[in-house]
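Here is the structure we will look at, set down as structure tokens.
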Amino acid sequence: GIDLTLGAFVGLGIQFGVANEAIQLAAILSFPQSPWAKSSPIYHDIETFNTIISKTFTSRCAFDAGLFSEPMAIANLLHDYSNCKDRSRFCWKHRISAARMRHLSGTVESLKRRVAQCLGVCAEVLEIKDPPRTMAHAKVNILRILQVWLFSDTIIVQNLSSSKNKIESADE
């Protein structure tokens, strides 16, 4: 299941006409780990570690597509993953953990089915047509506003007024 805040996110997404996208983002936000591969200098020599980290960073940037949002980058990633022919090769090429990606994809599908059942509609009605990188700007903005509204306690704000560029949480 998902927590109450994510349930509110889905409910408000339905009310504001972005149900499909809100369902997917709620599943992404509920997922405990990023689908991108992780590495550690403990397991690899420095050169291999740097290669892995740089390829992972490049992949993250490509899927972010200038949206500056990890959940939306993951939504772009899910779209491409769902439409690729060879998922194993896709994961290898983009430095994705195949196991986490399968689990995330299954979580999205499961939440979509449960919401469709509650709404009394077919799950195919809740399919996403466009990933965030090509989605109408109005939809992206509605999703951003809902995230800020519901998750305002987790926003990080950079305080530029001090001589030191320290980062504070929004509730400080």
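In the structure tokens, chains take letters A, B, ... by order of appearance, with residues numbered from 1 within each chain and ligands from 1 in the order shown.
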| Residue neighbourhood stretch 104-120 of chain A, 9 Å, only C-alpha atoms, exclusion window fewer than 5 positions, as a ChimeraX atom specification | /A:1-2,10,20,23-28,31,35,78,81-82,99,125-127
| request: For A:Ser59, please output as a VMD selection string all residues within 12 Å (counting only C-alpha atoms; exclusion window: fewer than 6 positions along the same chain). | output: chain A and resid 35 to 37 52 to 53 65 70 73 to 74 76 to 77 90 to 96
What are the closest atom pairs, with distances in Å to one decimal, for each residue of stretch 67-90 of chain A lying within 12 Å of stretch 144-164 of chain A, using only C-alpha atoms, rows by chain and rising residue number, as a Markdown table?
```
| residue | atom | partner | partner_atom | distance |
| --- | --- | --- | --- | --- |
| A:Leu67 | CA | A:Arg144 | CA | 10.3 |
| A:Phe68 | CA | A:Arg144 | CA | 10.8 |
| A:Ser69 | CA | A:Arg144 | CA | 9.1 |
| A:Glu70 | CA | A:Arg144 | CA | 11.7 |
| A:Pro71 | CA | A:Gln147 | CA | 10.3 |
| A:Met72 | CA | A:Arg144 | CA | 9.6 |
```
| task | Between A:Asn141, A:Ser97, A:Gln33, A:Thr5, single out the one closest to A:Thr56, counting only C-alpha atoms. | result |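 Among the listed residues, the smallest separation from A:Thr56 belongs to A:Ser97.
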| Using the chain letters and numbers from this document, which residues of stretch 6-87 of chain A does DSSP assign to helix (DSSP H, G or I), as a ChimeraX atom specification? | /A:6-15,19-30,46-64,70-83,87
| message | Between atom CA of A:Cys122 and atom CA of A:Ala19, what distance in Å does the model show, to one decimal? | response |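 The value is 13.4 Å.
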| What does the distance between atom CA of A:Phe16 and atom CA of A:Asp64 come to in Å, to one decimal place? |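 So the answer is 23.8 Å.
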| message | What parts of chain A does DSSP call strand (DSSP E)? I'd like the answer as a ChimeraX atom specification. | response | /A:156-158,167-169
For the selection just defined, write its residues with C-alpha atoms to a file, as a PDB file, in the first residue's frame.
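What ended up in part24.pdb:
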```pdb
ATOM      1  CA  ILE A 156      15.294  21.884   0.815  1.00  0.00           C
ATOM      2  CA  VAL A 157      15.865  25.624   0.454  1.00  0.00           C
ATOM      3  CA  GLN A 158      19.239  27.192  -0.212  1.00  0.00           C
ATOM      4  CA  ILE A 167      21.472  24.555   2.887  1.00  0.00           C
ATOM      5  CA  GLU A 168      18.577  24.558   5.342  1.00  0.00           C
ATOM      6  CA  SER A 169      15.363  22.599   5.438  1.00  0.00           C
TER       7      SER A 169
END
```
